[in-house]
Structures are given as structure tokens and as C-alpha cells.
$ cat final35.txt   # compact mmCIF, C-alpha atoms and all ligand atoms
# COMPACT_ATOMS: atom_id res chain seq x y z
CA MET A 8 -6.90 -22.52 -12.37
CA THR A 9 -7.79 -19.43 -14.32
CA ILE A 10 -6.80 -16.06 -13.07
CA GLU A 11 -9.27 -13.43 -14.03
CA PHE A 12 -8.66 -9.73 -14.46
CA ARG A 13 -11.59 -7.62 -13.52
CA LYS A 14 -12.46 -4.02 -12.83
CA ILE A 15 -14.09 -3.89 -9.44
CA PRO A 16 -16.10 -1.03 -7.95
CA CYS A 17 -14.11 1.38 -5.86
CA PRO A 18 -15.25 1.40 -2.20
CA PHE A 19 -15.00 5.18 -2.16
CA CYS A 20 -16.80 6.28 -5.31
CA ASN A 21 -18.46 3.03 -6.48
CA VAL A 22 -17.14 3.44 -10.00
CA PRO A 23 -15.74 0.18 -11.41
CA ALA A 24 -12.35 1.70 -12.03
CA VAL A 25 -10.08 -0.46 -9.85
CA ASP A 26 -7.98 -3.09 -11.61
CA SER A 27 -7.96 -6.37 -9.78
CA GLN A 28 -6.93 -9.94 -10.25
CA ILE A 29 -9.26 -12.67 -9.05
CA PHE A 30 -7.82 -15.99 -7.97
CA PRO A 31 -10.71 -18.46 -7.91
CA LYS A 32 -11.53 -20.76 -5.04
CA GLU A 33 -9.34 -23.80 -5.15
CA ILE A 34 -9.58 -27.30 -3.74
CA ARG A 35 -6.30 -28.85 -2.70
CA TYR A 36 -5.35 -32.23 -1.37
CA LYS A 37 -2.78 -32.92 1.23
CA ILE A 38 -1.46 -36.39 1.79
CA SER A 39 0.00 -37.11 5.16
CA ARG A 40 1.49 -40.38 6.20
CA ALA A 41 1.17 -41.68 9.69
CA ALA A 42 1.86 -45.14 11.03
CA GLY A 43 2.19 -46.63 7.57
CA ARG A 44 -1.12 -45.25 6.37
CA SER A 45 -1.71 -42.27 4.17
CA ILE A 46 -4.47 -39.91 4.96
CA THR A 47 -5.80 -37.51 2.36
CA THR A 48 -7.14 -34.26 3.65
CA THR A 49 -9.04 -31.88 1.45
CA TYR A 50 -8.92 -28.22 2.03
CA ALA A 51 -10.23 -25.23 0.18
CA ILE A 52 -8.42 -22.02 -0.52
CA PRO A 53 -10.98 -19.24 -0.70
CA GLU A 54 -11.28 -16.85 -3.60
CA LYS A 55 -8.73 -14.11 -3.37
CA THR A 56 -8.84 -10.66 -4.87
CA GLU A 57 -5.60 -8.87 -5.47
CA ILE A 58 -5.85 -5.14 -6.05
CA LEU A 59 -3.56 -4.06 -8.85
CA SER A 60 -4.18 -0.35 -9.09
CA GLY A 61 -5.64 2.64 -7.38
CA CYS A 62 -8.94 4.10 -8.43
CA LEU A 63 -8.79 5.74 -11.83
CA SER A 64 -11.93 7.67 -11.08
CA CYS A 65 -11.39 9.32 -7.67
CA GLY A 66 -7.64 8.81 -7.38
CA LYS A 67 -7.59 6.78 -4.16
CA SER A 68 -4.40 4.80 -3.77
CA LYS A 69 -4.05 1.04 -4.01
CA THR A 70 -3.20 0.86 -0.29
CA GLU A 71 -6.27 2.83 0.74
CA ILE A 72 -8.56 0.63 -1.33
CA LYS A 73 -6.90 -2.54 0.00
CA ASP A 74 -7.27 -1.43 3.61
CA VAL A 75 -10.96 -0.72 3.21
CA LEU A 76 -11.68 -3.94 1.31
CA LYS A 77 -9.81 -6.04 3.85
CA GLY A 78 -11.81 -4.43 6.61
CA ASN A 79 -8.68 -3.09 8.31
CA LYS A 80 -10.01 0.40 8.06
CA SER A 81 -13.34 1.92 7.35
CA ILE A 82 -13.76 4.52 4.65
CA LEU A 83 -14.28 7.03 7.44
CA ASP A 84 -10.93 6.14 9.03
CA VAL A 85 -9.09 6.76 5.78
CA LYS A 86 -10.84 10.08 5.34
CA LYS A 87 -10.18 11.03 8.98
CA ARG A 88 -6.54 10.07 8.76
CA LYS A 89 -6.06 12.10 5.62
CA LYS A 90 -7.77 15.06 7.24
CA ARG A 91 -5.54 14.72 10.32
CA LEU A 92 -2.46 14.59 8.14
CA GLU A 93 -3.58 17.68 6.27
CA ASP A 94 -4.18 19.47 9.57
CA LEU A 95 -0.72 18.50 10.78
CA LYS A 96 0.85 19.64 7.54
CA ALA A 97 -0.92 22.97 7.89
CA LEU A 98 0.77 23.28 11.29
CA GLY A 99 4.16 22.69 9.73
CA PHE A 100 4.47 18.93 10.07
CA SER A 101 6.84 17.69 7.42
CA GLY A 102 5.64 14.11 7.27
CA VAL A 103 8.92 12.89 8.73
CA ILE A 104 8.61 10.98 11.97
CA THR A 105 11.71 11.02 14.14
CA LYS A 106 12.56 8.63 16.94
CA ASN A 107 12.29 11.09 19.80
CA LYS A 108 9.51 13.25 18.47
CA GLN A 109 6.92 10.70 17.54
CA VAL A 110 3.81 11.81 15.82
CA ILE A 111 1.00 9.34 15.97
CA ILE A 112 -1.79 9.76 13.53
CA GLY A 113 -5.05 8.12 14.39
CA GLU A 114 -5.99 6.24 17.50
ZN ZN A 201 -12.88 5.71 -6.59

$ encode --input "final35.txt" --output "C-alpha cells"
Amino acid sequence: MTIEFRKIPCPFCNVPAVDSQIFPKEIRYKISRAAGRSITTTYAIPEKTEILSGCLSCGKSKTEIKDVLKGNKSILDVKKRKKRLEDLKALGFSGVITKNKQVIIGE
């Protein structure tokens, strides 16, 4: 198995400035024994991309890029969240969330 290092395009600015590591698709065999017989099952591990850095072009963080690529968040969500956080900070929010006074950002 060869692990490849590649610069992938940033989902925010489309500049290939994000360091990533590509783990190629892999075929594995699993041998299970049942009632004196061994059964070989084949299964594939899909290609995996590991993000190693943030974007060197627009400065987005590794976490933000990961979230968007995984489909956990849309680019809009990240932008909205950041905007919300900036708004809160403008109102004097310190960024510290306490137990009793919970601040929930986003829906
Ligand atoms: Zn970027």
C-alpha cells in the first residue's frame, strides 16, 4: 500500500493549497472459522483522505476544511457560524462557555 501526499483544492477558495494524505482503496481478507470450515470473506476499505493542514491560500483551518469535505457542514454553515461568533464577540462574548450560562452557536 502506498500512501500518497497530495495538495488538494480547498473547498473554500479552490486553490490546491491543502496538504493531504491519500490512503488508497484496499482489499482485505478475513478468515472466519465456523463448524470446522474456514470461510474467507473479502472486503474493501475505501480510499481515505486525511487532511494534514489548513489552507495556505485563504487561511481556513484544518477542522473547517475537514468538516466541509466530510459533509458535516456546508461552506455556508462555517461562514454563518463564524459570523455569529463575531457578532457575539462584538457584544462582549468572551468565547468561554460556562455550565449555567450556555451559549449555543448555530442551530
Ligand atoms: Zn482556501

$ closest_residue --input "final35.txt" --among "A:Tyr50, A:Phe100, A:Phe19, A:Phe12" --to "ligand ZN 201 (chain A)" --atoms "only C-alpha atoms and all ligand atoms"
A:Phe19

$ residues_near_ligand --input "final35.txt" --ligand "ligand ZN 201 (chain A)" --cutoff "6 Å" --atoms "only C-alpha atoms and all ligand atoms" --output "number ranges by chain"
A: 17, 19-20, 22, 62, 64-65, 67

$ atom_distance --input "final35.txt" --atom1 "CA of Leu83 in chain A" --atom2 "CA of Pro16 in chain A"
17.5 Å

$ atom_distance --input "final35.txt" --atom1 "CA of Lys73 in chain A" --atom2 "CA of Asn21 in chain A"
14.4 Å

$ residues_around --input "final35.txt" --residues "Ile10 in chain A" --least-positions-apart "6" --cutoff "10 Å" --atoms "all atoms listed in the file" --output "list in words"
Gln28, Ile29, Phe30 and Pro31 of chain A

$ atom_distance --input "final35.txt" --atom1 "CA of Val25 in chain A" --atom2 "CA of Asp84 in chain A"
20.0 Å

$ residues_around --input "final35.txt" --residues "Lys32 in chain A" --least-positions-apart "3" --cutoff "10 Å" --atoms "all atoms listed in the file" --output "VMD selection string"
chain A and resid 8 29 35 51 to 55

$ closest_residue --input "final35.txt" --among "A:Leu63, A:Ser39, A:Ser27, A:Ile58" --to "Val75 in chain A" --atoms "all atoms listed in the file"
A:Ile58

$ axis_aligned_box --input "final35.txt" --around "range 27-41 of chain A" --padding-each-side "4 Å" --output "lines of an AutoDock Vina configuration file"
center_x = -5.0
center_y = -24.0
center_z = -0.3
size_x = 21.0
size_y = 43.3
size_z = 27.9
